[in-house]
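These notes concern the structure reproduced below.
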Amino acid sequence: MNVLVTGATSLLGAETTRRLGAAGHRVRTLQRSGDIAGRDTVRGDITDQSAVARSLDGIDTVVHLAALVGATGPWHEYERVNVGGTSVVLEQAAAAGVERFVFVSSPSVAHGGAPIMGAGADPADPSRARSNYSRSKAMAEIIALDADQTSMRVVAIRPHLVWGPGDRQLIGRIVDRARAGRLATIGTGSALIDTTYIDNAADALVAATQRAEALGGSALVVSNGQPRPVAEIIDRVLRAAGEPRVKRSVPRGVARTGGRAAEWYWSRTGRSDEPPMTAFVAEQLSTAHWFDQRTTRQALGWQPMVGIDEGFERLAAWYRTGSSKAD
Amino acid sequence: MPRDRLGDERIRNRDRVVTSASPEPATLPPSGLPGLDAEWSRLVTARDAEGIDRTWHVLDTGATEETSLTLLCVHGNPTWSYVWRSVLGGAPKHLRVVAVDQLDMGFSERTGTERRLERRIDDLSSVVDALGIDTPIITVAHDWGGPISIGWAQRHRKRLAGMVLMNTAVHQPEDARAPSLIRAVRTPGILDQVAVRSTGFVRGTTALIKGRTDRAVKSAYLAPYRTASRRTAIGFFVSDIPLEDDHPSAAALDAVADGLDDMADVPVLLLWGPSDPVFSDLYLHDLEDRLPDADVHRFVGASHLLPEDVDVATPIFDWIAARDRTPQQSPRTTGGRRAWEAIEGLAESDDVAVVEMVSGGEPQSISFRELAAEVRRVGSGLRAIGVGAGDRVALMIPPGLELSVCLYACWRIGAVVVVADAGLGVRGIGRALRSADPDYIIGVPRALAAARAMGWPGVRIGAGAMSPSAARMVGATYTLAGLPQSGVESDLPDPPHFEAPAAVAFTSGATGPAKGVAYRHGQLDAQRAALESLYGIGPDDSLVAAFPPFSLFGPAMGIPSVVPVMEVTSPGTLEASALADAARAVDATLVFASPSALANVLATADALSPAQREALGRIRLLLSAGAPVPRDTLEALRSLMPKAEAHTPYGMTETLPVADITLEGINGAGPGLGVCVGPPLHGVEVMIDPLDEVGDPVGKLTDEPDVSGEVCVRAAHMKDEYDRLWHTQHRSATPPGWHRSGDVGHFDEQRRLWIEGRLVHAIATADGVLTPLALEQRFASAEGVRAAAAVGVGTRGDERVVAIVVPDEPPSRPALGLDPLASDVRSTVDVDVAAVLVVPELPVDKRHNAKVDRLRLRRWAASVLAGNRIGKP
């Protein structure tokens, strides 16, 4: 296959690019900055039609990861990048004769605030989304799956909480906050949360490119299928990073209210950094989120190769060797 | 039965509904009512008995090539055919389901007329004729739809294939509350106000739904009754209930009721919500009396709007399917020795029959000669006050002389004893008695006082020392001591045969309300014979029954028996000295006890005198039953009863014994998946029904080794049926002739049976079905763990394993388990454990004090792991 990967500088994007290359596919990346030695790279933004068109020359498969990710920020930014950018990539891909299109989505596109215990992949629903990010991703996913047609098969893959060595989103934030003395468990920390080890998520995306023909128009949630209480996940992350156990705990209601207040303050003052807490994050960390993986595994012909325990061992090894400092 | 007379004024006003009705055409229901498929709705026009064209709104799944049977569903007041949506929605292909909105009700035409029972039966005939149904018909009716459907059925016997009735009536039984309720509503002005001018009656009816109800469902019931003029018929329906002999519909209702006498060949299923404030059990019993062959299922806890409270569709479909099933009986004993015959055979013997231990006093005993005479005396006395063959008699007497006499006296005269385990508590016993509906209660003062206070059914007969004034106080009509004496033996009727019903027993299950288990004499006899042959019990034996139900076997086996001093409801109170004193009183060779009783015997063994030790030293067989027995308890008991061979029978209230194993056998079997209960006994068939990926049995029995599944048994001594629980019985007796134990187990290569736990506790993960026992044994082997339970959270087929552990140093309150404990627990098994929860102790059942309440733990774990507060399990 000739594959274009957007968002290849993210943790998952980079790993997916590596694995596609290792599998013998020709890979090109579309990225705003940075070069990877020996990689075919087109510089540009996904909202830029001509850059996207250029990057698609000779491509038959797209893995579209590029997105604006965050817990705060104005809606128009999310809409511009995640909805607008995805539309551009889809249109140009169809025009360029791309046959397989993997849209990387998020389980949050289909869920409101209720605990999720063993759910499948329900249709994306922007009206129920709990943050600007999920709402924009929900809209983008609907647009992407609508673009599914015989000549170009579109599959949406929703990896849940991808983590691994080098991850700045989940692991990085937990460790940074712990080091800053600003980490607390929200509520009892007993909500079961499923996560996805980076290698498994990348494997699933590779598998999706291979199964796109059969899976066109469908959305699949991907996870390790090993949910753990959130306090236990944090505890194991800290242990891997060599940090002491966190003892502080903030009641769930306080965290949500505080999160809402912080969001309001941050948006009013126009700060570009992340507030210490948002209502969305507070909710995510205090309600169960785990998924029925039976359909996904069968559809993708994929199994997670790295279990959660091995994942934590690899994370610990990475912290021990000091790779985190070099990151 | 004479109907009450009302005052003239009320009679004048009783059927006047003040709000006038204006005609309105039939319409289709609005879209979006929950559970209602718009495709089902149609309007059907037919000519009524007066020759006027009327239009009905009908829900109809429609006929296809495959349709071979039609269900005709008739709603009551103040509902509409919405009440049948689960039946329409779940119907198998060969069934057409038709649910008619009666005229002036639901979305059918508002005729502007008043339609009485007779007319409503005419109307149903008209609309059914217009529907073009060419298959046999089974009527399904609720509330006042009942008499209308029966009326239709009586006129269309050739097309009728059966009747299903729920919470309905054809007659006002004596003592029923309904007339007063109905009368209260019927008071002039009130009826109009409650039923017509306001939505009070409709709202009141949906308010009876148990548990939380979707607002949208309640509002769907209200949908056709939004305005007063649309509700006129609701009021008229109430006024059309004939409470008085001269009521215009009295003759029509009497005709319906009397007509049931000629319907003995019609299959009938009665489904009942006993918490119905109007149609109480009295109405069920009235219908049962009129339809003695009806299949009955009482849904304990369910109320009037039964199809909302429970799934009625599945029992109806199963019942229809079962009509085509070839009846296959379980093995039956028709020879042998009925329960009282051993006593009669020993009527000339002065050997001790029953000893009653008296706390702090001399034991009391009677010989077989005395016992036989007492059985005859009480039997003939009961007979003289009218206790007949087949009458149900609840025995509420602690184990001892009097209970033995009453039990065998009842059996001798063909009465059916109802026995409720005292461990059920007052609430549970009340539920059991309401379900069994005894004709008589023989009880000690305390029990009769409860019976009176709680309004339990049955004529009360005082047991124990009861003075006439004490008897009056507890409402006892008779006392055992004061039973009429006459020619005694000549008054005894012919004894019941082996096929006659003998007993209904209620034992406390680990979950849910107790089920009544019915036995016939032949089954009880087979059980006695199975125990005798299994344990080689002969005339030289004598029995200490510290598991009280077993004491009742003593007389039937013709051997002396005694119950030690203990709190019957709490076996853990049995002290070693009490056990030894009981053993001395009968020179016991056999001891039957529960595990918790044996544990306390061990704990109190230091207090034993040499003579007491000597008595225990004579025991040859120690039987431990009721719950799994810890091996080390049995080992330790060897020092107290060195000659005793320790046995643990496996079985259940519905079939006991199924298998048996000795302490040596347990040791010999070694560790394995679950608990080894030994090979099935001679005469007992045991098969395994393997489980599918979501943990449901597949329905194909096998005896292949190492295949886990639900344990199914078949034996001459198994239960006859569950009492008034047709669907439970049907499910448990699948395949026909078998009993599904609800236990999960497997055979090993030596054909030993291993029990892995309860089917409801099985954890159906994406990688297969796991049973808790084996997981729990491993979890408990982790460093620092004293006890453990394993439960699943999530949906069946994708459940995640959760370990709930009690550490060696228990925390003061439940908490999340973190490392190192979490890793230690996880490392004991090779399945993914989603979470480790730490608790101060595991909740156990009250009766055995041994069975871990895993269903409760599962609910608790699901809530905790959803992110809720960590409360107490």
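For the structure tokens, the naming scheme is as follows: chains receive sequential letters (A, B, ...) according to their order of presentation, residues are indexed from 1 within each chain, and ligands are indexed from 1 in presentation order.
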Could you give me, as CSV, every chain B residue with an atom at most 10 Å from chain A, plus its closest atom pair and distance in Å to one decimal, counting only C-alpha atoms, rows ordered by chain then number?
```
residue,atom,partner,partner_atom,distance
B:Ala766,CA,A:Arg294,CA,6.8
B:Asp767,CA,A:Arg294,CA,9.4
B:Val793,CA,A:Met117,CA,8.1
B:Gly794,CA,A:Gly118,CA,5.5
B:Thr795,CA,A:Gly118,CA,6.3
B:Arg796,CA,A:Gly118,CA,9.6
B:Gly797,CA,A:Arg294,CA,9.1
B:Asp798,CA,A:Asp292,CA,6.3
B:Glu799,CA,A:Gly118,CA,7.8
B:Arg800,CA,A:Pro227,CA,8.4
B:Ala815,CA,A:Thr188,CA,8.6
B:Leu816,CA,A:Ser190,CA,6.5
B:Gly817,CA,A:Glu232,CA,8.2
B:Leu818,CA,A:Glu232,CA,6.1
B:Asp819,CA,A:Glu232,CA,8.1
B:Ala822,CA,A:Glu232,CA,8.9
B:Ser823,CA,A:Asp309,CA,9.6
B:Asp832,CA,A:Gln226,CA,6.9
B:Val833,CA,A:Gln226,CA,8.0
B:Ala834,CA,A:Arg228,CA,5.2
B:Ala835,CA,A:Arg228,CA,5.9
B:Val836,CA,A:Pro229,CA,8.9
B:Leu837,CA,A:Ser190,CA,9.2
B:Ala861,CA,A:Ser190,CA,9.7
B:Ala862,CA,A:Met117,CA,8.8
B:Ser863,CA,A:Ala191,CA,9.0
B:Val864,CA,A:Ser190,CA,6.2
B:Leu865,CA,A:Ala191,CA,4.5
B:Ala866,CA,A:Ala288,CA,4.6
B:Gly867,CA,A:Ala191,CA,3.9
B:Asn868,CA,A:Ala191,CA,7.5
B:Arg869,CA,A:Thr188,CA,6.5
B:Ile870,CA,A:Thr188,CA,7.1
```
What would the file look like if the residues just selected were written as a PDB file, in the first residue's frame with C-alpha atoms?
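The resulting file, selection.pdb, is shown below:
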```pdb
ATOM      1  CA  ALA B 766     -15.387 -12.775  26.561  1.00  0.00           C
ATOM      2  CA  ASP B 767     -12.887 -15.621  26.969  1.00  0.00           C
ATOM      3  CA  VAL B 793     -19.354  -6.837  36.301  1.00  0.00           C
ATOM      4  CA  GLY B 794     -20.569  -5.802  32.880  1.00  0.00           C
ATOM      5  CA  THR B 795     -22.826  -7.481  30.351  1.00  0.00           C
ATOM      6  CA  ARG B 796     -23.183 -11.268  30.073  1.00  0.00           C
ATOM      7  CA  GLY B 797     -20.606 -12.586  27.650  1.00  0.00           C
ATOM      8  CA  ASP B 798     -18.313  -9.624  28.327  1.00  0.00           C
ATOM      9  CA  GLU B 799     -18.146  -9.664  32.104  1.00  0.00           C
ATOM     10  CA  ARG B 800     -14.972  -8.668  33.908  1.00  0.00           C
ATOM     11  CA  ALA B 815     -11.812   0.224  49.934  1.00  0.00           C
ATOM     12  CA  LEU B 816     -10.047  -0.168  46.639  1.00  0.00           C
ATOM     13  CA  GLY B 817      -7.148  -2.631  46.765  1.00  0.00           C
ATOM     14  CA  LEU B 818      -3.876  -1.232  45.447  1.00  0.00           C
ATOM     15  CA  ASP B 819      -0.443  -2.819  45.117  1.00  0.00           C
ATOM     16  CA  ALA B 822      -3.724  -6.100  43.988  1.00  0.00           C
ATOM     17  CA  SER B 823      -0.776  -7.657  42.174  1.00  0.00           C
ATOM     18  CA  ASP B 832      -7.693 -10.708  33.763  1.00  0.00           C
ATOM     19  CA  VAL B 833      -8.911  -9.285  37.067  1.00  0.00           C
ATOM     20  CA  ALA B 834     -10.312  -5.805  36.510  1.00  0.00           C
ATOM     21  CA  ALA B 835     -10.227  -4.729  40.145  1.00  0.00           C
ATOM     22  CA  VAL B 836      -9.435  -5.902  43.640  1.00  0.00           C
ATOM     23  CA  LEU B 837     -11.803  -4.611  46.309  1.00  0.00           C
ATOM     24  CA  ALA B 861     -19.002  -4.001  42.926  1.00  0.00           C
ATOM     25  CA  ALA B 862     -20.805  -2.754  39.804  1.00  0.00           C
ATOM     26  CA  SER B 863     -21.800   0.420  41.625  1.00  0.00           C
ATOM     27  CA  VAL B 864     -18.360   1.028  43.121  1.00  0.00           C
ATOM     28  CA  LEU B 865     -16.599   0.409  39.817  1.00  0.00           C
ATOM     29  CA  ALA B 866     -18.997   2.702  37.966  1.00  0.00           C
ATOM     30  CA  GLY B 867     -17.426   5.439  40.055  1.00  0.00           C
ATOM     31  CA  ASN B 868     -19.984   5.734  42.851  1.00  0.00           C
ATOM     32  CA  ARG B 869     -19.264   6.101  46.544  1.00  0.00           C
ATOM     33  CA  ILE B 870     -17.806   2.980  48.196  1.00  0.00           C
TER      34      ILE B 870
END
```
Inset, instruction - Using DSSP on the backbone, list every residue of segment 10-137 of chain B that comes out as strand (DSSP E or B), and give them as a VMD selection string. - result: chain B and resid 24 41 to 47 53 to 60 69 to 74 95 to 100 110 137
Inset, instruction - Extract, using only C-alpha atoms, all DNA, RNA and protein residues at most 8 Å from Arg32 of chain A, discarding same-chain residues fewer than 3 positions from it, and format them as a PyMOL selection string. - result: chain A and resi 43-45
Inset, instruction - Have a look at B:Val563, B:Arg369, B:Gly784, B:Arg714 and name the one nearest to Ser732 of chain B; count only C-alpha atoms. - result: B:Arg714
Inset, instruction - Please provide as a PyMOL selection string all residues within 10 Å of Ala130 of chain B, with the sequence filter that same-chain residues fewer than 6 positions apart are discarded (counting only C-alpha atoms). - result: chain B and resi 44-47+124
How about saving the chosen residues, N, CA and C atoms kept, as an mmCIF file, in the first residue's frame?
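See out.cif below for the written result:
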```cif
data_model
loop_
_atom_site.group_PDB
_atom_site.id
_atom_site.type_symbol
_atom_site.label_atom_id
_atom_site.label_comp_id
_atom_site.auth_asym_id
_atom_site.auth_seq_id
_atom_site.Cartn_x
_atom_site.Cartn_y
_atom_site.Cartn_z
ATOM 1 N N VAL B 44 -60.583 -1.256 12.818
ATOM 2 C CA VAL B 44 -61.429 -2.317 12.265
ATOM 3 C C VAL B 44 -62.883 -1.931 12.502
ATOM 4 N N THR B 45 -63.659 -1.961 11.446
ATOM 5 C CA THR B 45 -65.070 -1.615 11.591
ATOM 6 C C THR B 45 -65.918 -2.877 11.483
ATOM 7 N N ALA B 46 -66.883 -3.009 12.400
ATOM 8 C CA ALA B 46 -67.775 -4.166 12.378
ATOM 9 C C ALA B 46 -69.135 -3.720 12.920
ATOM 10 N N ARG B 47 -70.131 -4.509 12.650
ATOM 11 C CA ARG B 47 -71.489 -4.172 13.081
ATOM 12 C C ARG B 47 -71.708 -4.742 14.482
ATOM 13 N N LEU B 124 -66.893 -7.943 21.580
ATOM 14 C CA LEU B 124 -65.669 -8.686 21.305
ATOM 15 C C LEU B 124 -65.922 -9.696 20.185
#
```
Legend entry - Long-range neighbours of Gly7 of chain A as a list in words, 10 Å cut-off, only C-alpha atoms, 3 positions minimum in chain: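 Counting only C-alpha atoms, the residues come to Leu4, Ser10, Leu11, Leu12, Gly13, Ala14, Thr17, Thr29, Leu30, Gln31, Arg32, Asp45, Ile46, Val63, His64, Leu65, Ala66, Ala67 and Leu68 of chain A.
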Inset, instruction - Write out as a ChimeraX atom specification each polymer residue whose atoms come within 12 Å of Gly670 of chain B, counting only C-alpha atoms; drop sequence neighbours fewer than 5 positions from it. - result: /B:631,663-665,675-678,748,752,754
Legend entry - All residues 12 Å or closer to Leu306 of chain B, only C-alpha atoms, same chain fewer than 6 positions away omitted, as an NGL selection string: :B and (75-76 or 83-84 or 86 or 141-143 or 165-168 or 205-206 or 208-210 or 270-276 or 279 or 297-300 or 312-313)
Inset, instruction - Give the alpha helix (DSSP H) residues of segment 470-611 of chain B, as assigned by DSSP on the backbone, as a count of residues only. - result: 46
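With only C-alpha atoms as the basis for measurement, A:Leu20 is the residue among A:Ala138, A:Lys247, A:Leu20, A:Thr9 that approaches Ala207 of chain A most closely.
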Legend entry - Interatomic distance, atom CA of Ser125 of chain B to atom CA of Trp80 of chain B (Å, one decimal):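 Here the two named atoms are 17.8 Å from each other.
Rounded to one decimal, atom CA of Ala321 of chain B and atom CA of Gly162 of chain B lie 12.3 Å from each other.
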